[in-house]
>>> print(open('start.pdb').read())   # PDB, C-alpha atoms
ATOM      1  CA  GLN B 690      -1.461 -31.617 -11.712
ATOM      2  CA  VAL B 691      -4.383 -30.043  -9.888
ATOM      3  CA  GLN B 692      -4.794 -26.285  -9.703
ATOM      4  CA  LEU B 693      -7.474 -24.463  -7.736
ATOM      5  CA  VAL B 694      -8.287 -20.825  -8.491
ATOM      6  CA  GLU B 695     -10.614 -18.869  -6.215
ATOM      7  CA  SER B 696     -12.513 -15.747  -7.186
ATOM      8  CA  GLY B 697     -15.306 -13.534  -5.888
ATOM      9  CA  GLY B 698     -13.806 -12.014  -2.780
ATOM     10  CA  GLY B 699     -13.993  -8.335  -1.953
ATOM     11  CA  LEU B 700     -15.254  -5.670   0.416
ATOM     12  CA  VAL B 701     -18.872  -5.828   1.544
ATOM     13  CA  GLN B 702     -20.916  -4.097   4.218
ATOM     14  CA  PRO B 703     -22.319  -6.022   7.179
ATOM     15  CA  GLY B 704     -25.494  -7.796   6.162
ATOM     16  CA  GLY B 705     -24.377  -8.042   2.568
ATOM     17  CA  SER B 706     -23.670 -11.036   0.362
ATOM     18  CA  LEU B 707     -20.795 -12.433  -1.649
ATOM     19  CA  ARG B 708     -20.393 -15.519  -3.792
ATOM     20  CA  LEU B 709     -17.015 -17.226  -3.923
ATOM     21  CA  SER B 710     -16.108 -19.619  -6.709
ATOM     22  CA  CYS B 711     -13.283 -22.114  -7.072
ATOM     23  CA  ALA B 712     -12.337 -23.520 -10.454
ATOM     24  CA  ALA B 713     -10.415 -26.785 -10.475
ATOM     25  CA  SER B 714      -8.243 -28.228 -13.204
ATOM     26  CA  GLY B 715      -7.802 -31.943 -13.744
ATOM     27  CA  SER B 716     -10.110 -34.883 -14.143
ATOM     28  CA  ILE B 717     -10.531 -35.943 -10.523
ATOM     29  CA  PHE B 718     -12.838 -33.140  -9.408
ATOM     30  CA  ARG B 719     -16.036 -35.187  -9.525
ATOM     31  CA  LEU B 720     -14.450 -37.873  -7.336
ATOM     32  CA  SER B 721     -13.120 -35.451  -4.732
ATOM     33  CA  ALA B 722     -14.514 -33.851  -1.648
ATOM     34  CA  MET B 723     -14.273 -30.068  -1.728
ATOM     35  CA  ALA B 724     -14.164 -27.559   1.085
ATOM     36  CA  TRP B 725     -13.850 -23.901   1.946
ATOM     37  CA  TYR B 726     -11.580 -22.835   4.782
ATOM     38  CA  ARG B 727     -10.818 -19.389   6.101
ATOM     39  CA  GLN B 728      -8.056 -17.766   8.075
ATOM     40  CA  ALA B 729      -8.426 -14.476   9.883
ATOM     41  CA  PRO B 730      -5.398 -12.429  11.007
ATOM     42  CA  GLY B 731      -3.801 -13.980  14.068
ATOM     43  CA  LYS B 732      -6.050 -17.026  13.969
ATOM     44  CA  GLU B 733      -5.717 -20.591  12.773
ATOM     45  CA  ARG B 734      -7.240 -21.740   9.519
ATOM     46  CA  GLU B 735     -10.709 -23.150  10.103
ATOM     47  CA  LEU B 736     -13.192 -25.193   8.123
ATOM     48  CA  VAL B 737     -16.146 -23.185   6.867
ATOM     49  CA  ALA B 738     -18.034 -25.782   4.818
ATOM     50  CA  ASP B 739     -17.430 -28.952   2.868
ATOM     51  CA  ILE B 740     -19.216 -31.038   0.285
ATOM     52  CA  THR B 741     -18.613 -34.673  -0.606
ATOM     53  CA  SER B 742     -18.412 -36.057  -4.113
ATOM     54  CA  GLY B 743     -21.998 -37.185  -3.625
ATOM     55  CA  GLY B 744     -23.203 -33.746  -2.586
ATOM     56  CA  SER B 745     -23.526 -34.118   1.181
ATOM     57  CA  THR B 746     -22.676 -30.894   2.989
ATOM     58  CA  ASN B 747     -21.328 -29.849   6.363
ATOM     59  CA  TYR B 748     -21.031 -26.381   7.892
ATOM     60  CA  ALA B 749     -19.269 -24.713  10.775
ATOM     61  CA  ASP B 750     -21.741 -23.659  13.440
ATOM     62  CA  SER B 751     -20.760 -20.024  12.936
ATOM     63  CA  VAL B 752     -22.016 -19.988   9.322
ATOM     64  CA  LYS B 753     -24.989 -22.363   9.431
ATOM     65  CA  GLY B 754     -28.071 -20.778   7.916
ATOM     66  CA  ARG B 755     -26.023 -18.017   6.269
ATOM     67  CA  PHE B 756     -23.599 -19.812   3.926
ATOM     68  CA  THR B 757     -24.320 -22.421   1.260
ATOM     69  CA  ILE B 758     -21.745 -24.598  -0.451
ATOM     70  CA  SER B 759     -22.487 -26.151  -3.824
ATOM     71  CA  ARG B 760     -20.644 -27.875  -6.643
ATOM     72  CA  ASP B 761     -21.005 -28.226 -10.397
ATOM     73  CA  ASN B 762     -19.209 -31.339 -11.571
ATOM     74  CA  ALA B 763     -19.785 -30.460 -15.231
ATOM     75  CA  LYS B 764     -17.861 -27.208 -14.782
ATOM     76  CA  ASN B 765     -15.361 -28.404 -12.156
ATOM     77  CA  THR B 766     -16.384 -25.643  -9.795
ATOM     78  CA  VAL B 767     -17.359 -25.314  -6.159
ATOM     79  CA  SER B 768     -19.071 -22.213  -4.830
ATOM     80  CA  LEU B 769     -19.776 -20.623  -1.478
ATOM     81  CA  GLN B 770     -22.784 -18.322  -1.264
ATOM     82  CA  MET B 771     -22.352 -16.091   1.756
ATOM     83  CA  ASN B 772     -25.337 -14.105   3.036
ATOM     84  CA  SER B 773     -25.889 -11.933   6.098
ATOM     85  CA  LEU B 774     -22.161 -11.339   6.344
ATOM     86  CA  LYS B 775     -20.686 -10.172   9.639
ATOM     87  CA  PRO B 776     -17.413  -8.395  10.425
ATOM     88  CA  GLU B 777     -16.176 -11.624  12.025
ATOM     89  CA  ASP B 778     -16.429 -13.326   8.625
ATOM     90  CA  THR B 779     -13.479 -11.205   7.487
ATOM     91  CA  ALA B 780     -10.689 -13.560   6.435
ATOM     92  CA  ILE B 781      -8.814 -15.070   3.542
ATOM     93  CA  TYR B 782     -10.964 -17.857   2.131
ATOM     94  CA  TYR B 783      -9.284 -20.937   0.674
ATOM     95  CA  CYS B 784     -10.634 -23.681  -1.528
ATOM     96  CA  GLN B 785      -9.463 -27.228  -0.799
ATOM     97  CA  MET B 786      -9.721 -30.455  -2.765
ATOM     98  CA  SER B 787      -9.358 -33.740  -0.891
ATOM     99  CA  THR B 788      -8.312 -36.838  -2.770
ATOM    100  CA  VAL B 789      -6.919 -40.163  -1.659
ATOM    101  CA  GLY B 790      -3.706 -39.360   0.138
ATOM    102  CA  ARG B 791      -3.451 -35.700  -0.771
ATOM    103  CA  ASN B 792      -5.031 -32.297  -0.302
ATOM    104  CA  TYR B 793      -4.751 -29.410  -2.747
ATOM    105  CA  TRP B 794      -5.184 -25.728  -1.894
ATOM    106  CA  GLY B 795      -5.963 -22.596  -3.809
ATOM    107  CA  GLN B 796      -4.146 -19.317  -3.295
ATOM    108  CA  GLY B 797      -6.995 -17.754  -1.333
ATOM    109  CA  THR B 798      -9.302 -14.798  -1.812
ATOM    110  CA  GLN B 799      -9.775 -11.941   0.656
ATOM    111  CA  VAL B 800     -13.202 -11.249   2.095
ATOM    112  CA  THR B 801     -13.583  -8.076   4.143
ATOM    113  CA  VAL B 802     -16.832  -7.223   5.892
ATOM    114  CA  SER B 803     -16.803  -3.632   7.067
ATOM    115  CA  SER B 804     -18.899  -0.498   7.021
TER     116      SER B 804
END
>>> encode(input="start.pdb", output="structure tokens")
Amino acid sequence: QVQLVESGGGLVQPGGSLRLSCAASGSIFRLSAMAWYRQAPGKERELVADITSGGSTNYADSVKGRFTISRDNAKNTVSLQMNSLKPEDTAIYYCQMSTVGRNYWGQGTQVTVSS
């Protein structure tokens, strides 16, 4: 059974930084692609960034140059470093693990960017 637990969300001023972390249980982490999604009030969930098992990354245009996704296979964690945050980055951020035939989701962590 896979469990994903996000942490690191909070309230930050525009221009500030936050680092989200997602800890995964189970032995399949190193073989799985990982991703961060977000969902703002009244909007659909959208992909923020993803990273393959081999370390290749992909970003939404809206966060390119500001966010960095990384993974530590020894610790079963994936992180999202968020810099130069904007009010429009306010959302619940979810960690996702993709394996053959199934996706797993964390419970989400709130990020609020406001002065």
>>> residues_near_point(input="start.pdb", point="(-18.7, -4.0, 7.3)", cutoff="12 Å", atoms="all atoms listed in the file", output="number ranges by chain")
B: 699-706, 773-779, 800-804
>>> resolve_selection(input="start.pdb", expression="the PyMOL selection byres ((chain B and resi 691) around 6)", output="list of chain:residue names")
B:Gln690, B:Gln692, B:Ser714, B:Gly715
>>> closest_residue(input="start.pdb", among="B:Val694, B:Ile781, B:Leu769, B:Met786", to="B:Tyr748", atoms="all atoms listed in the file")
B:Leu769
>>> residues_around(input="start.pdb", residues="B:Leu707", least_positions_apart="3", cutoff="8 Å", atoms="only C-alpha atoms", output="PDB file with C-alpha atoms, keeping the file's coordinate frame")
ATOM      1  CA  GLY B 697     -15.306 -13.534  -5.888  1.00  0.00           C
ATOM      2  CA  GLY B 698     -13.806 -12.014  -2.780  1.00  0.00           C
ATOM      3  CA  GLY B 699     -13.993  -8.335  -1.953  1.00  0.00           C
ATOM      4  CA  VAL B 701     -18.872  -5.828   1.544  1.00  0.00           C
ATOM      5  CA  GLN B 770     -22.784 -18.322  -1.264  1.00  0.00           C
ATOM      6  CA  MET B 771     -22.352 -16.091   1.756  1.00  0.00           C
ATOM      7  CA  ASN B 772     -25.337 -14.105   3.036  1.00  0.00           C
TER       8      ASN B 772
END
>>> closest_residue(input="start.pdb", among="B:Thr788, B:Thr766, B:Thr757, B:Ser751", to="B:Glu695", atoms="only C-alpha atoms")
B:Thr766
>>> closest_residue(input="start.pdb", among="B:Ser710, B:Gln785, B:Asn765, B:Val737", to="B:Lys753", atoms="all atoms listed in the file")
B:Val737
>>> closest_residue(input="start.pdb", among="B:Ala729, B:Ala763, B:Val789, B:Met723", to="B:Gly744", atoms="only C-alpha atoms")
B:Met723
>>> resolve_selection(input="start.pdb", expression="the PyMOL selection byres ((chain B and resi 783) around 6)", output="PyMOL selection string")
chain B and resi 725-727+782+784+795+797
>>> atom_distance(input="start.pdb", atom1="atom CA of B:Ser742", atom2="atom CA of B:Asp761")
10.4 Å
>>> residues_around(input="start.pdb", residues="B:Val767", least_positions_apart="3", cutoff="6 Å", atoms="only C-alpha atoms", output="number ranges by chain")
B: 710-711, 759-760
>>> atom_distance(input="start.pdb", atom1="atom CA of B:Asn792", atom2="atom CA of B:Arg755")
26.2 Å
>>> closest_residue(input="start.pdb", among="B:Arg708, B:Ala780, B:Ala749, B:Arg791", to="B:Gly731", atoms="all atoms listed in the file")
B:Ala780
>>> closest_residue(input="start.pdb", among="B:Thr741, B:Glu733, B:Leu720, B:Gln796", to="B:Leu693", atoms="all atoms listed in the file")
B:Gln796
>>> atom_distance(input="start.pdb", atom1="atom CA of B:Lys764", atom2="atom CA of B:Ala712")
7.9 Å
>>> decode(input="start.pdb", residues="stretch 697-799 of chain B", atoms="C-alpha atoms", output="short mmCIF file (atom, residue, chain, number, x, y, z; two decimals), in the first residue's frame")
data_model
loop_
_atom_site.label_atom_id
_atom_site.label_comp_id
_atom_site.auth_asym_id
_atom_site.auth_seq_id
_atom_site.Cartn_x
_atom_site.Cartn_y
_atom_site.Cartn_z
CA GLY B 697 5.79 22.47 3.79
CA GLY B 698 2.78 24.51 2.80
CA GLY B 699 1.83 27.77 4.45
CA LEU B 700 1.32 31.50 4.08
CA VAL B 701 4.00 33.51 2.29
CA GLN B 702 4.23 37.03 0.92
CA PRO B 703 4.51 37.67 -2.82
CA GLY B 704 8.09 37.20 -3.93
CA GLY B 705 8.78 34.73 -1.16
CA SER B 706 9.76 31.08 -1.24
CA LEU B 707 8.44 27.78 0.05
CA ARG B 708 9.68 24.22 -0.21
CA LEU B 709 7.14 21.41 -0.39
CA SER B 710 8.08 17.83 0.39
CA CYS B 711 6.29 14.56 -0.25
CA ALA B 712 7.27 11.40 1.60
CA ALA B 713 6.26 8.11 0.01
CA SER B 714 5.89 4.73 1.64
CA GLY B 715 6.50 1.48 -0.19
CA SER B 716 9.28 0.07 -2.29
CA ILE B 717 8.24 1.26 -5.74
CA PHE B 718 9.18 4.92 -5.34
CA ARG B 719 12.43 4.71 -7.30
CA LEU B 720 10.61 3.10 -10.24
CA SER B 721 7.80 5.64 -10.33
CA ALA B 722 7.31 8.99 -11.94
CA MET B 723 6.37 11.68 -9.44
CA ALA B 724 4.50 14.93 -9.92
CA TRP B 725 3.10 17.97 -8.19
CA TYR B 726 -0.36 19.21 -9.08
CA ARG B 727 -2.31 22.12 -7.72
CA GLN B 728 -5.93 23.14 -7.51
CA ALA B 729 -7.08 26.67 -6.87
CA PRO B 730 -10.64 27.46 -5.70
CA GLY B 731 -13.09 27.14 -8.57
CA LYS B 732 -10.47 25.77 -10.94
CA GLU B 733 -9.50 22.35 -12.22
CA ARG B 734 -6.48 20.52 -10.89
CA GLU B 735 -3.44 21.25 -13.02
CA LEU B 736 0.02 19.80 -13.42
CA VAL B 737 2.75 21.96 -11.93
CA ALA B 738 5.84 19.80 -12.48
CA ASP B 739 6.83 16.18 -12.89
CA ILE B 740 9.96 14.10 -12.71
CA THR B 741 10.57 10.66 -14.19
CA SER B 742 12.25 7.78 -12.41
CA GLY B 743 15.38 8.73 -14.33
CA GLY B 744 15.27 12.35 -13.22
CA SER B 745 13.94 14.09 -16.32
CA THR B 746 11.73 17.05 -15.44
CA ASN B 747 8.84 18.94 -16.96
CA TYR B 748 7.19 22.18 -15.84
CA ALA B 749 4.03 24.11 -16.52
CA ASP B 750 4.77 27.30 -18.41
CA SER B 751 3.41 29.36 -15.52
CA VAL B 752 6.11 28.12 -13.12
CA LYS B 753 9.13 27.67 -15.39
CA GLY B 754 12.18 29.44 -14.00
CA ARG B 755 10.57 29.80 -10.56
CA PHE B 756 9.88 26.24 -9.38
CA THR B 757 12.23 23.26 -9.21
CA ILE B 758 11.19 19.66 -8.71
CA SER B 759 13.67 17.13 -7.36
CA ARG B 760 13.67 13.63 -5.92
CA ASP B 761 15.74 11.64 -3.45
CA ASN B 762 15.33 7.94 -4.11
CA ALA B 763 17.30 7.02 -0.98
CA LYS B 764 14.76 8.86 1.19
CA ASN B 765 11.65 8.19 -0.92
CA THR B 766 10.93 11.89 -1.18
CA VAL B 767 10.08 14.37 -3.90
CA SER B 768 10.34 18.11 -3.33
CA LEU B 769 9.13 21.28 -4.99
CA GLN B 770 11.19 24.41 -4.41
CA MET B 771 9.01 27.41 -5.14
CA ASN B 772 10.63 30.83 -5.54
CA SER B 773 9.30 34.23 -6.58
CA LEU B 774 5.83 33.19 -5.51
CA LYS B 775 2.83 35.07 -6.87
CA PRO B 776 -0.73 35.39 -5.56
CA GLU B 777 -1.87 33.23 -8.49
CA ASP B 778 0.21 30.36 -7.10
CA THR B 779 -2.27 30.11 -4.23
CA ALA B 780 -3.75 26.61 -4.27
CA ILE B 781 -3.78 23.22 -2.63
CA TYR B 782 -0.72 21.35 -3.85
CA TYR B 783 -0.90 17.59 -4.31
CA CYS B 784 1.82 15.01 -4.72
CA GLN B 785 1.19 12.20 -7.21
CA MET B 786 2.95 8.91 -7.85
CA SER B 787 2.45 7.22 -11.21
CA THR B 788 3.01 3.51 -11.52
CA VAL B 789 1.97 0.96 -14.11
CA GLY B 790 -1.79 1.08 -14.18
CA ARG B 791 -2.35 3.26 -11.14
CA ASN B 792 -1.87 6.73 -9.72
CA TYR B 793 -1.60 7.56 -6.03
CA TRP B 794 -2.35 10.94 -4.45
CA GLY B 795 -1.45 12.67 -1.25
CA GLN B 796 -3.92 14.60 0.86
CA GLY B 797 -2.64 17.99 -0.28
CA THR B 798 -1.01 20.96 1.39
CA GLN B 799 -2.29 24.54 1.25
#
